[in-house]
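Participant: Quick one, my_file05.cif (mmCIF, C-alpha atoms):
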data_target
loop_
_atom_site.group_PDB
_atom_site.id
_atom_site.type_symbol
_atom_site.label_atom_id
_atom_site.label_comp_id
_atom_site.auth_asym_id
_atom_site.auth_seq_id
_atom_site.Cartn_x
_atom_site.Cartn_y
_atom_site.Cartn_z
ATOM 1 C CA MET A 381 -17.075 58.313 -63.387
ATOM 2 C CA PRO A 382 -13.911 57.672 -65.461
ATOM 3 C CA THR A 383 -11.808 57.662 -62.264
ATOM 4 C CA ASN A 384 -14.080 55.073 -60.627
ATOM 5 C CA ARG A 385 -13.939 52.928 -63.756
ATOM 6 C CA LYS A 386 -10.145 53.062 -63.740
ATOM 7 C CA LYS A 387 -10.069 52.035 -60.060
ATOM 8 C CA LYS A 388 -12.418 49.127 -60.722
ATOM 9 C CA SER A 389 -10.437 47.967 -63.754
ATOM 10 C CA LEU A 390 -7.207 48.199 -61.750
ATOM 11 C CA LYS A 391 -8.694 46.084 -58.956
ATOM 12 C CA LYS A 392 -9.921 43.544 -61.487
ATOM 13 C CA ARG A 393 -6.491 43.306 -63.107
ATOM 14 C CA LEU A 394 -4.767 42.970 -59.733
ATOM 15 C CA TRP A 395 -7.163 40.201 -58.724
ATOM 16 C CA ARG A 396 -6.836 38.500 -62.100
ATOM 17 C CA ASP A 397 -3.010 38.543 -61.923
ATOM 18 C CA ARG A 398 -2.776 37.828 -58.198
ATOM 19 C CA TYR A 399 -0.728 34.644 -58.642
ATOM 20 C CA LEU A 400 1.746 36.354 -60.957
ATOM 21 C CA LEU A 401 2.080 39.202 -58.461
ATOM 22 C CA LEU A 402 2.782 36.688 -55.694
ATOM 23 C CA LEU A 403 5.566 35.229 -57.818
ATOM 24 C CA ILE A 404 7.336 38.594 -58.166
ATOM 25 C CA LEU A 405 6.718 39.551 -54.517
ATOM 26 C CA PRO A 406 9.986 38.004 -53.184
ATOM 27 C CA GLY A 407 12.010 39.936 -55.769
ATOM 28 C CA VAL A 408 10.208 43.174 -54.956
ATOM 29 C CA LEU A 409 10.768 42.657 -51.225
ATOM 30 C CA TYR A 410 14.453 41.925 -51.819
ATOM 31 C CA PHE A 411 15.058 45.174 -53.692
ATOM 32 C CA LEU A 412 12.886 47.128 -51.266
ATOM 33 C CA ILE A 413 14.616 45.860 -48.115
ATOM 34 C CA TYR A 414 18.205 45.589 -49.329
ATOM 35 C CA ARG A 415 18.388 48.273 -52.034
ATOM 36 C CA TYR A 416 15.888 51.088 -51.483
ATOM 37 C CA ILE A 417 15.425 51.356 -47.706
ATOM 38 C CA PRO A 418 19.209 51.453 -47.056
ATOM 39 C CA MET A 419 19.440 54.451 -49.410
ATOM 40 C CA ALA A 420 18.287 56.582 -46.472
ATOM 41 C CA GLY A 421 21.765 56.002 -45.050
ATOM 42 C CA MET A 422 23.241 58.158 -47.835
ATOM 43 C CA LEU A 423 22.402 61.159 -45.658
ATOM 44 C CA LEU A 424 25.505 60.249 -43.620
ATOM 45 C CA ALA A 425 27.616 61.596 -46.498
ATOM 46 C CA PHE A 426 26.274 65.089 -45.721
ATOM 47 C CA LYS A 427 26.578 64.815 -41.929
ATOM 48 C CA ASP A 428 29.406 64.623 -39.430
ATOM 49 C CA TYR A 429 28.044 61.371 -38.076
ATOM 50 C CA SER A 430 28.729 60.342 -34.501
ATOM 51 C CA PRO A 431 27.341 57.073 -33.042
ATOM 52 C CA PHE A 432 26.834 58.893 -29.733
ATOM 53 C CA ARG A 433 24.672 61.637 -31.290
ATOM 54 C CA GLY A 434 22.787 59.293 -33.558
ATOM 55 C CA PHE A 435 21.515 59.560 -37.095
ATOM 56 C CA THR A 436 19.214 62.546 -36.598
ATOM 57 C CA GLU A 437 21.253 64.596 -34.131
ATOM 58 C CA SER A 438 24.559 64.546 -36.017
ATOM 59 C CA PRO A 439 25.306 67.993 -37.525
ATOM 60 C CA TRP A 440 25.022 68.720 -41.237
ATOM 61 C CA VAL A 441 28.322 69.498 -42.995
ATOM 62 C CA GLY A 442 27.171 69.781 -46.617
ATOM 63 C CA LEU A 443 29.748 68.718 -49.207
ATOM 64 C CA LYS A 444 32.675 68.636 -46.788
ATOM 65 C CA TYR A 445 33.467 64.949 -47.261
ATOM 66 C CA PHE A 446 33.027 65.093 -51.031
ATOM 67 C CA LYS A 447 35.696 67.793 -51.136
ATOM 68 C CA LEU A 448 37.988 65.572 -49.077
ATOM 69 C CA ILE A 449 37.707 62.874 -51.749
ATOM 70 C CA PHE A 450 39.643 65.032 -54.205
ATOM 71 C CA GLU A 451 41.997 66.475 -51.600
ATOM 72 C CA ASP A 452 43.191 63.120 -50.277
ATOM 73 C CA THR A 453 45.981 61.691 -52.495
ATOM 74 C CA GLU A 454 45.216 58.202 -51.219
ATOM 75 C CA VAL A 455 41.670 58.423 -52.617
ATOM 76 C CA ILE A 456 43.021 59.456 -56.033
ATOM 77 C CA GLN A 457 45.325 56.417 -56.023
ATOM 78 C CA VAL A 458 42.468 54.151 -54.952
ATOM 79 C CA ILE A 459 40.203 55.473 -57.747
ATOM 80 C CA TRP A 460 43.012 54.928 -60.255
ATOM 81 C CA ASN A 461 43.510 51.343 -59.031
ATOM 82 C CA THR A 462 39.765 50.701 -59.296
ATOM 83 C CA LEU A 463 39.547 52.042 -62.849
ATOM 84 C CA GLN A 464 42.617 50.086 -63.923
ATOM 85 C CA ILE A 465 41.300 46.759 -62.621
ATOM 86 C CA SER A 466 37.781 47.342 -63.999
ATOM 87 C CA PHE A 467 38.928 48.285 -67.495
ATOM 88 C CA LEU A 468 41.447 45.436 -67.568
ATOM 89 C CA GLN A 469 38.556 43.090 -66.778
ATOM 90 C CA ILE A 470 36.522 44.616 -69.621
ATOM 91 C CA ILE A 471 39.435 44.380 -72.072
ATOM 92 C CA PHE A 472 40.596 40.848 -71.217
ATOM 93 C CA ALA A 473 37.907 38.990 -69.227
ATOM 94 C CA PHE A 474 34.772 40.187 -71.078
ATOM 95 C CA PRO A 475 35.854 39.028 -74.576
ATOM 96 C CA ILE A 476 36.915 35.606 -73.233
ATOM 97 C CA SER A 477 33.263 34.754 -72.498
ATOM 98 C CA ILE A 478 32.321 35.663 -76.079
ATOM 99 C CA VAL A 479 35.139 33.572 -77.576
ATOM 100 C CA LEU A 480 34.310 30.648 -75.290
ATOM 101 C CA ALA A 481 30.618 30.830 -76.242
ATOM 102 C CA LEU A 482 31.541 30.811 -79.956
ATOM 103 C CA MET A 483 33.791 27.798 -79.430
ATOM 104 C CA LEU A 484 31.118 25.889 -77.519
ATOM 105 C CA ASN A 485 28.550 26.767 -80.178
ATOM 106 C CA GLU A 486 30.703 25.143 -82.853
ATOM 107 C CA ILE A 487 30.647 21.762 -81.083
ATOM 108 C CA ARG A 488 28.095 19.554 -82.798
ATOM 109 C CA HIS A 489 28.266 16.513 -80.492
ATOM 110 C CA GLN A 490 25.635 17.411 -77.869
ATOM 111 C CA ILE A 491 26.880 15.128 -75.061
ATOM 112 C CA TYR A 492 30.451 16.393 -75.427
ATOM 113 C CA LYS A 493 29.176 19.972 -75.623
ATOM 114 C CA LYS A 494 27.126 19.687 -72.410
ATOM 115 C CA LEU A 495 30.069 18.044 -70.624
ATOM 116 C CA LEU A 496 32.387 20.920 -71.588
ATOM 117 C CA GLN A 497 29.757 23.477 -70.564
ATOM 118 C CA SER A 498 29.461 21.874 -67.138
ATOM 119 C CA ILE A 499 33.249 21.894 -66.714
ATOM 120 C CA VAL A 500 33.649 25.578 -67.602
ATOM 121 C CA TYR A 501 30.697 26.528 -65.341
ATOM 122 C CA LEU A 502 32.143 24.817 -62.247
ATOM 123 C CA PRO A 503 34.667 27.525 -61.152
ATOM 124 C CA HIS A 504 31.814 30.026 -60.801
ATOM 125 C CA PHE A 505 30.408 28.039 -57.885
ATOM 126 C CA LEU A 506 33.665 28.254 -55.920
ATOM 127 C CA SER A 507 33.825 31.067 -53.372
ATOM 128 C CA TRP A 508 36.554 33.672 -53.650
ATOM 129 C CA VAL A 509 38.035 32.272 -50.431
ATOM 130 C CA VAL A 510 38.653 28.968 -52.223
ATOM 131 C CA VAL A 511 39.953 30.653 -55.386
ATOM 132 C CA VAL A 512 42.390 32.862 -53.466
ATOM 133 C CA GLY A 513 43.456 29.852 -51.393
ATOM 134 C CA ILE A 514 44.286 27.910 -54.575
ATOM 135 C CA THR A 515 46.179 30.943 -55.889
ATOM 136 C CA VAL A 516 48.257 31.185 -52.722
ATOM 137 C CA ILE A 517 49.086 27.468 -52.825
ATOM 138 C CA PHE A 518 50.349 27.764 -56.400
ATOM 139 C CA LEU A 519 52.097 31.150 -56.235
ATOM 140 C CA ARG A 520 53.649 31.414 -52.759
ATOM 141 C CA SER A 521 57.440 31.391 -52.513
ATOM 142 C CA GLU A 522 57.569 27.622 -51.894
ATOM 143 C CA GLY A 523 54.501 26.907 -54.045
ATOM 144 C CA LEU A 524 54.170 24.716 -57.131
ATOM 145 C CA VAL A 525 55.002 27.438 -59.672
ATOM 146 C CA ASN A 526 58.153 28.652 -57.917
ATOM 147 C CA SER A 527 59.243 25.063 -57.229
ATOM 148 C CA PHE A 528 59.011 24.377 -60.960
ATOM 149 C CA LEU A 529 60.955 27.559 -61.787
ATOM 150 C CA VAL A 530 63.732 26.723 -59.321
ATOM 151 C CA ASN A 531 64.054 22.969 -59.876
ATOM 152 C CA PHE A 532 63.523 22.708 -63.629
ATOM 153 C CA LEU A 533 64.397 26.123 -65.091
ATOM 154 C CA ASN A 534 67.014 27.261 -62.515
ATOM 155 C CA ILE A 535 65.195 30.593 -62.091
ATOM 156 C CA ASN A 536 65.056 32.424 -58.777
ATOM 157 C CA PRO A 537 61.649 32.380 -57.043
ATOM 158 C CA ILE A 538 59.311 35.164 -58.163
ATOM 159 C CA PRO A 539 57.424 37.033 -55.401
ATOM 160 C CA PHE A 540 54.018 36.760 -57.101
ATOM 161 C CA LEU A 541 51.992 37.583 -53.992
ATOM 162 C CA THR A 542 54.126 40.450 -52.675
ATOM 163 C CA ASP A 543 55.200 42.177 -55.898
ATOM 164 C CA PRO A 544 52.850 45.157 -56.521
ATOM 165 C CA ALA A 545 53.330 44.797 -60.296
ATOM 166 C CA MET A 546 51.954 41.238 -60.186
ATOM 167 C CA PHE A 547 48.763 42.078 -58.287
ATOM 168 C CA LYS A 548 46.564 43.233 -61.179
ATOM 169 C CA PRO A 549 47.538 40.439 -63.638
ATOM 170 C CA ILE A 550 46.815 37.797 -60.972
ATOM 171 C CA VAL A 551 43.429 39.372 -60.156
ATOM 172 C CA ILE A 552 42.456 39.483 -63.851
ATOM 173 C CA PHE A 553 43.539 35.875 -64.346
ATOM 174 C CA GLN A 554 41.405 34.818 -61.350
ATOM 175 C CA VAL A 555 38.358 36.585 -62.806
ATOM 176 C CA ILE A 556 38.898 34.962 -66.212
ATOM 177 C CA TRP A 557 39.243 31.475 -64.717
ATOM 178 C CA LYS A 558 36.302 31.817 -62.345
ATOM 179 C CA GLU A 559 33.701 33.759 -64.328
ATOM 180 C CA SER A 560 34.369 33.306 -68.061
ATOM 181 C CA GLY A 561 32.487 30.009 -68.265
ATOM 182 C CA TRP A 562 29.484 31.380 -66.416
ATOM 183 C CA GLY A 563 29.512 34.465 -68.625
ATOM 184 C CA THR A 564 28.864 32.316 -71.709
ATOM 185 C CA ILE A 565 25.279 31.507 -70.619
ATOM 186 C CA LEU A 566 23.655 34.643 -72.047
ATOM 187 C CA PHE A 567 25.697 34.453 -75.245
ATOM 188 C CA LEU A 568 24.776 30.808 -75.795
ATOM 189 C CA ALA A 569 21.129 31.700 -75.177
ATOM 190 C CA ALA A 570 21.353 34.390 -77.861
ATOM 191 C CA LEU A 571 23.045 31.948 -80.238
ATOM 192 C CA SER A 572 20.275 29.398 -79.765
ATOM 193 C CA GLY A 573 17.827 31.886 -81.288
ATOM 194 C CA ILE A 574 19.632 32.015 -84.642
ATOM 195 C CA SER A 575 17.633 30.350 -87.407
ATOM 196 C CA PRO A 576 19.392 27.224 -88.784
ATOM 197 C CA GLN A 577 18.185 28.273 -92.246
ATOM 198 C CA LEU A 578 20.749 31.089 -92.225
ATOM 199 C CA TYR A 579 23.590 28.599 -91.823
ATOM 200 C CA GLU A 580 22.074 26.315 -94.455
ATOM 201 C CA ALA A 581 21.892 29.200 -96.934
ATOM 202 C CA ALA A 582 25.495 30.141 -96.099
ATOM 203 C CA VAL A 583 26.650 26.556 -96.750
ATOM 204 C CA ILE A 584 24.872 26.549 -100.110
ATOM 205 C CA ASP A 585 26.677 29.785 -100.978
ATOM 206 C CA GLY A 586 29.986 28.129 -100.117
ATOM 207 C CA ALA A 587 30.717 29.995 -96.871
ATOM 208 C CA SER A 588 33.277 28.356 -94.596
ATOM 209 C CA ARG A 589 32.697 27.865 -90.852
ATOM 210 C CA LEU A 590 34.781 30.962 -90.181
ATOM 211 C CA ARG A 591 32.708 33.023 -92.633
ATOM 212 C CA GLN A 592 29.480 31.747 -91.054
ATOM 213 C CA MET A 593 30.735 32.812 -87.656
ATOM 214 C CA TRP A 594 31.772 36.247 -88.908
ATOM 215 C CA HIS A 595 28.650 37.065 -90.954
ATOM 216 C CA ILE A 596 25.903 35.225 -89.013
ATOM 217 C CA THR A 597 26.932 34.357 -85.458
ATOM 218 C CA LEU A 598 28.709 37.561 -84.420
ATOM 219 C CA PRO A 599 26.006 39.933 -85.798
ATOM 220 C CA ALA A 600 23.406 37.925 -83.861
ATOM 221 C CA LEU A 601 25.427 38.486 -80.679
ATOM 222 C CA LYS A 602 25.953 42.203 -81.233
ATOM 223 C CA SER A 603 22.934 43.483 -79.281
ATOM 224 C CA THR A 604 23.640 41.122 -76.351
ATOM 225 C CA ILE A 605 27.271 42.225 -76.238
ATOM 226 C CA VAL A 606 26.266 45.908 -76.230
ATOM 227 C CA ILE A 607 23.737 45.498 -73.392
ATOM 228 C CA LEU A 608 26.129 43.477 -71.222
ATOM 229 C CA LEU A 609 28.901 45.978 -71.894
ATOM 230 C CA ILE A 610 26.646 48.857 -70.804
ATOM 231 C CA LEU A 611 25.771 46.997 -67.607
ATOM 232 C CA ARG A 612 29.464 46.272 -67.016
ATOM 233 C CA LEU A 613 30.326 49.944 -67.390
ATOM 234 C CA GLY A 614 27.788 50.705 -64.661
ATOM 235 C CA ASN A 615 29.925 48.630 -62.279
ATOM 236 C CA VAL A 616 33.230 50.073 -63.407
ATOM 237 C CA MET A 617 33.802 51.600 -59.963
ATOM 238 C CA ASP A 618 33.015 48.257 -58.328
ATOM 239 C CA SER A 619 35.988 45.891 -58.575
ATOM 240 C CA GLY A 620 34.679 43.302 -56.145
ATOM 241 C CA PHE A 621 35.360 43.568 -52.427
ATOM 242 C CA GLU A 622 35.889 39.954 -51.421
ATOM 243 C CA GLN A 623 38.476 39.012 -54.045
ATOM 244 C CA ILE A 624 40.550 42.174 -53.621
ATOM 245 C CA PHE A 625 40.352 42.110 -49.821
ATOM 246 C CA LEU A 626 41.608 38.526 -49.674
ATOM 247 C CA MET A 627 44.480 39.259 -52.071
ATOM 248 C CA LEU A 628 45.691 42.389 -50.258
ATOM 249 C CA ASN A 629 48.748 42.390 -48.010
ATOM 250 C CA PRO A 630 51.066 45.155 -46.735
ATOM 251 C CA PHE A 631 53.351 44.758 -49.774
ATOM 252 C CA ASN A 632 50.749 45.241 -52.534
ATOM 253 C CA MET A 633 48.378 47.601 -50.700
ATOM 254 C CA GLU A 634 49.340 50.649 -52.752
ATOM 255 C CA SER A 635 48.746 48.825 -56.038
ATOM 256 C CA GLY A 636 45.699 46.795 -55.023
ATOM 257 C CA ASN A 637 43.612 48.948 -52.697
ATOM 258 C CA VAL A 638 40.338 49.802 -54.490
ATOM 259 C CA LEU A 639 37.262 51.832 -53.551
ATOM 260 C CA ASP A 640 35.416 48.897 -51.989
ATOM 261 C CA THR A 641 38.279 47.952 -49.681
ATOM 262 C CA TYR A 642 39.087 51.605 -49.012
ATOM 263 C CA VAL A 643 35.511 52.213 -47.836
ATOM 264 C CA TYR A 644 35.822 49.194 -45.546
ATOM 265 C CA PHE A 645 39.104 50.376 -44.038
ATOM 266 C CA LYS A 646 37.841 53.931 -43.552
ATOM 267 C CA GLY A 647 34.269 53.201 -42.568
ATOM 268 C CA ILE A 648 34.593 50.074 -40.431
ATOM 269 C CA GLN A 649 38.157 49.926 -39.156
ATOM 270 C CA GLN A 650 38.634 53.669 -38.637
ATOM 271 C CA ALA A 651 34.944 54.401 -37.881
ATOM 272 C CA ASN A 652 34.892 57.302 -40.373
ATOM 273 C CA PHE A 653 31.347 56.512 -41.478
ATOM 274 C CA SER A 654 30.527 59.832 -43.146
ATOM 275 C CA PHE A 655 33.616 59.888 -45.346
ATOM 276 C CA ALA A 656 33.135 56.233 -46.325
ATOM 277 C CA THR A 657 29.492 56.931 -47.234
ATOM 278 C CA ALA A 658 30.550 59.911 -49.361
ATOM 279 C CA VAL A 659 33.037 57.729 -51.254
ATOM 280 C CA GLY A 660 30.380 55.055 -51.792
ATOM 281 C CA LEU A 661 27.849 57.615 -53.054
ATOM 282 C CA PHE A 662 30.458 59.124 -55.359
ATOM 283 C CA LYS A 663 31.111 55.639 -56.770
ATOM 284 C CA GLY A 664 27.400 55.095 -57.435
ATOM 285 C CA VAL A 665 26.962 58.449 -59.181
ATOM 286 C CA ILE A 666 29.928 57.776 -61.486
ATOM 287 C CA GLY A 667 28.481 54.372 -62.361
ATOM 288 C CA LEU A 668 25.088 55.917 -63.189
ATOM 289 C CA ILE A 669 26.701 58.545 -65.434
ATOM 290 C CA LEU A 670 28.686 55.878 -67.301
ATOM 291 C CA VAL A 671 25.555 53.786 -67.883
ATOM 292 C CA VAL A 672 23.638 56.775 -69.288
ATOM 293 C CA LEU A 673 26.529 57.805 -71.561
ATOM 294 C CA ALA A 674 27.125 54.239 -72.790
ATOM 295 C CA ASN A 675 23.414 53.789 -73.478
ATOM 296 C CA ARG A 676 23.254 57.000 -75.519
ATOM 297 C CA LEU A 677 26.388 55.989 -77.414
ATOM 298 C CA ALA A 678 24.880 52.575 -78.191
ATOM 299 C CA LYS A 679 21.689 54.199 -79.539
ATOM 300 C CA ARG A 680 23.736 56.543 -81.671
ATOM 301 C CA PHE A 681 25.331 53.513 -83.335
ATOM 302 C CA GLY A 682 21.910 51.989 -84.024
ATOM 303 C CA GLU A 683 21.604 49.589 -81.086
ATOM 304 C CA GLU A 684 18.576 49.352 -78.780
ATOM 305 C CA GLY A 685 20.388 49.962 -75.473
ATOM 306 C CA LEU A 686 18.862 49.437 -72.044
ATOM 307 C CA TYR A 687 16.018 51.954 -72.336
#
Show me this structure written as structure tokens.
Facilitator:
Amino acid sequence: MPTNRKKKSLKKRLWRDRYLLLLILPGVLYFLIYRYIPMAGMLLAFKDYSPFRGFTESPWVGLKYFKLIFEDTEVIQVIWNTLQISFLQIIFAFPISIVLALMLNEIRHQIYKKLLQSIVYLPHFLSWVVVVGITVIFLRSEGLVNSFLVNFLNINPIPFLTDPAMFKPIVIFQVIWKESGWGTILFLAALSGISPQLYEAAVIDGASRLRQMWHITLPALKSTIVILLILRLGNVMDSGFEQIFLMLNPFNMESGNVLDTYVYFKGIQQANFSFATAVGLFKGVIGLILVVLANRLAKRFGEEGLY
């Protein structure tokens, strides 16, 4: 009897919430089709896959390709490049969104504030093809920057696009310019939930605008910052394929080749599907471990975390 009652109550709830379930159906289908079903392809990492033998007939090789990850010096360099770019983004690009949100929050004129928000959001809607194209126009040997250096400062042209040492700073600057404005949305949403009475009480106590920001605004943002930082750590092995791929050339390949582009070169161009799948799976496992560790660390410091 209890089982039948549970089934009936479940059917009633499903029928009652049918319109809400229809609303979430597209999202469920997206994750099912593009996230979960493709996970069956991870079996290629444990097989010596051949297109002629097919998915099921290719022989099992166990952890062969995972061992090759640590034996290949190129993979070690690629992992190092990926970690460098990801942590540089966390150190420099992530705080810019917080600072920008604090600055926008201090603007009291609503029309001016909305205008500035729209301006800083705009770069996010440009594709990486456009962003890299603008970068090339400015930084090529005969571009605007080098023309200024030669004509006005009498400095020899700087090989921005071919110097391996310049690759990572340019990539970080692109990320800051393109995504910092868009990254302020969640922080501004968190700031909108702060009670105005707190600021009024601070003014009565004689707190300056800087003190209000330090003792009221930043503590209100702390939980949002922690959650976004945990999520960012989960993607630390994912530097972004499109941007890096468009910026690569034979001169900066050693400094700029990351896991995403390496998987493309190995898996697509060289048809080494099993090894590329092993590298991709390794990247996902590392990201999962970092998320779990960061979440536990956040809870230890008194924050809620993701779960």
Participant: Using only C-alpha atoms, what table do you get, as a Markdown table, when you list each residue of region 407-521 of chain A with an atom no more than 12 Å from region 665-684 of chain A, its nearest pair of atoms, and their distance in Å rounded to one decimal, rows by chain then rising number?
Facilitator:
| residue | atom | partner | partner_atom | distance |
| --- | --- | --- | --- | --- |
| A:Met422 | CA | A:Val665 | CA | 11.9 |
| A:Ile459 | CA | A:Ile666 | CA | 11.2 |
| A:Leu463 | CA | A:Ile666 | CA | 11.3 |
| A:Ser466 | CA | A:Gly667 | CA | 11.8 |
Participant: Check what the PyMOL selection byres ((chain A and resi 439-444) around 8) selects in the file above and give those residues as a PDB file with C-alpha atoms, in the coordinates of the input.
Facilitator:
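What landed in result19.pdb:
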ATOM      1  CA  ALA A 425      27.616  61.596 -46.498  1.00  0.00           C
ATOM      2  CA  PHE A 426      26.274  65.089 -45.721  1.00  0.00           C
ATOM      3  CA  LYS A 427      26.578  64.815 -41.929  1.00  0.00           C
ATOM      4  CA  ASP A 428      29.406  64.623 -39.430  1.00  0.00           C
ATOM      5  CA  TYR A 429      28.044  61.371 -38.076  1.00  0.00           C
ATOM      6  CA  GLU A 437      21.253  64.596 -34.131  1.00  0.00           C
ATOM      7  CA  SER A 438      24.559  64.546 -36.017  1.00  0.00           C
ATOM      8  CA  TYR A 445      33.467  64.949 -47.261  1.00  0.00           C
ATOM      9  CA  PHE A 446      33.027  65.093 -51.031  1.00  0.00           C
ATOM     10  CA  LYS A 447      35.696  67.793 -51.136  1.00  0.00           C
ATOM     11  CA  LEU A 448      37.988  65.572 -49.077  1.00  0.00           C
TER      12      LEU A 448
END
Participant: Could you list the residues chosen by the PyMOL selection byres ((chain A and resi 454) around 12) in this structure as a list in words?
Facilitator: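 Expected selection for the PyMOL selection byres ((chain A and resi 454) around 12) here is Leu448, Ile449, Phe450, Glu451, Asp452, Thr453, Val455, Ile456, Gln457, Val458, Ile459, Trp460, Asn461, Met633, Glu634, Ser635, Asn637, Val638, Leu639, Tyr642, Val643 and Lys646 of chain A.
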Participant: Would you pick out the contacts of region 566-575 of chain A at 10 Å or less, using all atoms listed in the file, so that residues sharing its chain but fewer than 6 positions from it are not included, and give the list as a ChimeraX atom specification?
Facilitator: /A:477-482,484-485,596-598,600-605,608
Participant: Just the residues within 9 Å of Pro539 (chain A), please, counting all atoms listed in the file, with nothing from its chain fewer than 2 positions along; format it as a ChimeraX atom specification.
Facilitator: /A:519-521,526,537,541-543,546
Participant: Suppose you want the space between CA of Gln649 (chain A) and CA of Met627 (chain A); what is it in Å?
Facilitator: 17.9 Å
Participant: For Gln554 (chain A), which residue out of A:Ala587, A:Ile471, A:Val659, A:Val512 is the nearest one, using all atoms listed in the file?
Facilitator: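 Among A:Ala587, A:Ile471, A:Val659, A:Val512, it is A:Val512 that comes nearest to Gln554 (chain A).
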Participant: List the spatial neighbours of Val551 (chain A) as a ChimeraX atom specification - criterion: any atom at most 9 Å away, all atoms listed in the file, same-chain residues fewer than 3 positions off excluded.
Facilitator: /A:465,546-548,554-556,623-624,627
Participant: Using C-alpha atoms, can you export the residues from the last selection as a compact mmCIF listing (two decimals), in the coordinates of the input?
Facilitator:
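part_29.txt, written as the output of this step:
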# COMPACT_ATOMS: atom_id res chain seq x y z
CA ILE A 465 41.30 46.76 -62.62
CA MET A 546 51.95 41.24 -60.19
CA PHE A 547 48.76 42.08 -58.29
CA LYS A 548 46.56 43.23 -61.18
CA GLN A 554 41.40 34.82 -61.35
CA VAL A 555 38.36 36.58 -62.81
CA ILE A 556 38.90 34.96 -66.21
CA GLN A 623 38.48 39.01 -54.04
CA ILE A 624 40.55 42.17 -53.62
CA MET A 627 44.48 39.26 -52.07
Participant: Can you pull out the residues contacting Asp618 (chain A)? Cut-off 8 Å, using only C-alpha atoms, and skip same-chain residues under 2 positions away; I want them as an mmCIF file with C-alpha atoms, in the frame of the given file.
Facilitator:
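Written output follows (out.cif):
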data_model
loop_
_atom_site.group_PDB
_atom_site.id
_atom_site.type_symbol
_atom_site.label_atom_id
_atom_site.label_comp_id
_atom_site.auth_asym_id
_atom_site.auth_seq_id
_atom_site.Cartn_x
_atom_site.Cartn_y
_atom_site.Cartn_z
ATOM 1 C CA THR A 462 39.765 50.701 -59.296
ATOM 2 C CA SER A 466 37.781 47.342 -63.999
ATOM 3 C CA ASN A 615 29.925 48.630 -62.279
ATOM 4 C CA VAL A 616 33.230 50.073 -63.407
ATOM 5 C CA GLY A 620 34.679 43.302 -56.145
ATOM 6 C CA PHE A 621 35.360 43.568 -52.427
ATOM 7 C CA LEU A 639 37.262 51.832 -53.551
ATOM 8 C CA ASP A 640 35.416 48.897 -51.989
ATOM 9 C CA LYS A 663 31.111 55.639 -56.770
#
Participant: What gap, in Å, lies between CA of Val511 (chain A) and CA of Lys558 (chain A)?
Facilitator: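 Value for the CA of Val511 (chain A)-CA of Lys558 (chain A) distance: 7.9 Å.
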Participant: I'd like to know which of A:Glu622, A:Leu409, A:Gln577, A:Ala582 is closest to Val510 (chain A), using all atoms listed in the file.
Facilitator: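 Closest residue, counting all atoms listed in the file: A:Glu622.
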Participant: Just how far from CA of Val516 (chain A) is CA of Asn534 (chain A), in Å to one decimal?
Facilitator: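 About the pair CA of Asn534 (chain A) and CA of Val516 (chain A): they are 21.5 Å apart.
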Participant: My structure is short of atoms at region 563-571 of chain A; please model N, CA, C and O atoms there, returning them as an mmCIF file, in the frame of the given file.
Facilitator:
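Okay, result00.cif is ready:
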data_model
loop_
_atom_site.group_PDB
_atom_site.id
_atom_site.type_symbol
_atom_site.label_atom_id
_atom_site.label_comp_id
_atom_site.auth_asym_id
_atom_site.auth_seq_id
_atom_site.Cartn_x
_atom_site.Cartn_y
_atom_site.Cartn_z
ATOM 1 N N GLY A 563 29.895 33.349 -67.771
ATOM 2 C CA GLY A 563 29.512 34.465 -68.625
ATOM 3 C C GLY A 563 29.046 34.046 -70.011
ATOM 4 O O GLY A 563 28.470 34.854 -70.744
ATOM 5 N N THR A 564 29.284 32.781 -70.375
ATOM 6 C CA THR A 564 28.864 32.316 -71.709
ATOM 7 C C THR A 564 27.367 32.016 -71.776
ATOM 8 O O THR A 564 26.831 31.851 -72.886
ATOM 9 N N ILE A 565 26.677 31.944 -70.628
ATOM 10 C CA ILE A 565 25.279 31.507 -70.619
ATOM 11 C C ILE A 565 24.398 32.405 -71.482
ATOM 12 O O ILE A 565 23.631 31.934 -72.325
ATOM 13 N N LEU A 566 24.496 33.714 -71.284
ATOM 14 C CA LEU A 566 23.655 34.643 -72.047
ATOM 15 C C LEU A 566 24.008 34.629 -73.529
ATOM 16 O O LEU A 566 23.123 34.734 -74.388
ATOM 17 N N PHE A 567 25.297 34.484 -73.841
ATOM 18 C CA PHE A 567 25.697 34.453 -75.245
ATOM 19 C C PHE A 567 25.200 33.179 -75.929
ATOM 20 O O PHE A 567 24.739 33.215 -77.077
ATOM 21 N N LEU A 568 25.278 32.053 -75.225
ATOM 22 C CA LEU A 568 24.776 30.808 -75.795
ATOM 23 C C LEU A 568 23.259 30.861 -75.981
ATOM 24 O O LEU A 568 22.720 30.306 -76.935
ATOM 25 N N ALA A 569 22.579 31.539 -75.035
ATOM 26 C CA ALA A 569 21.129 31.700 -75.177
ATOM 27 C C ALA A 569 20.793 32.528 -76.415
ATOM 28 O O ALA A 569 19.834 32.224 -77.148
ATOM 29 N N ALA A 570 21.575 33.572 -76.659
ATOM 30 C CA ALA A 570 21.353 34.390 -77.861
ATOM 31 C C ALA A 570 21.654 33.592 -79.130
ATOM 32 O O ALA A 570 20.944 33.716 -80.138
ATOM 33 N N LEU A 571 22.682 32.745 -79.064
ATOM 34 C CA LEU A 571 23.045 31.948 -80.238
ATOM 35 C C LEU A 571 21.993 30.888 -80.561
ATOM 36 O O LEU A 571 21.802 30.526 -81.721
#
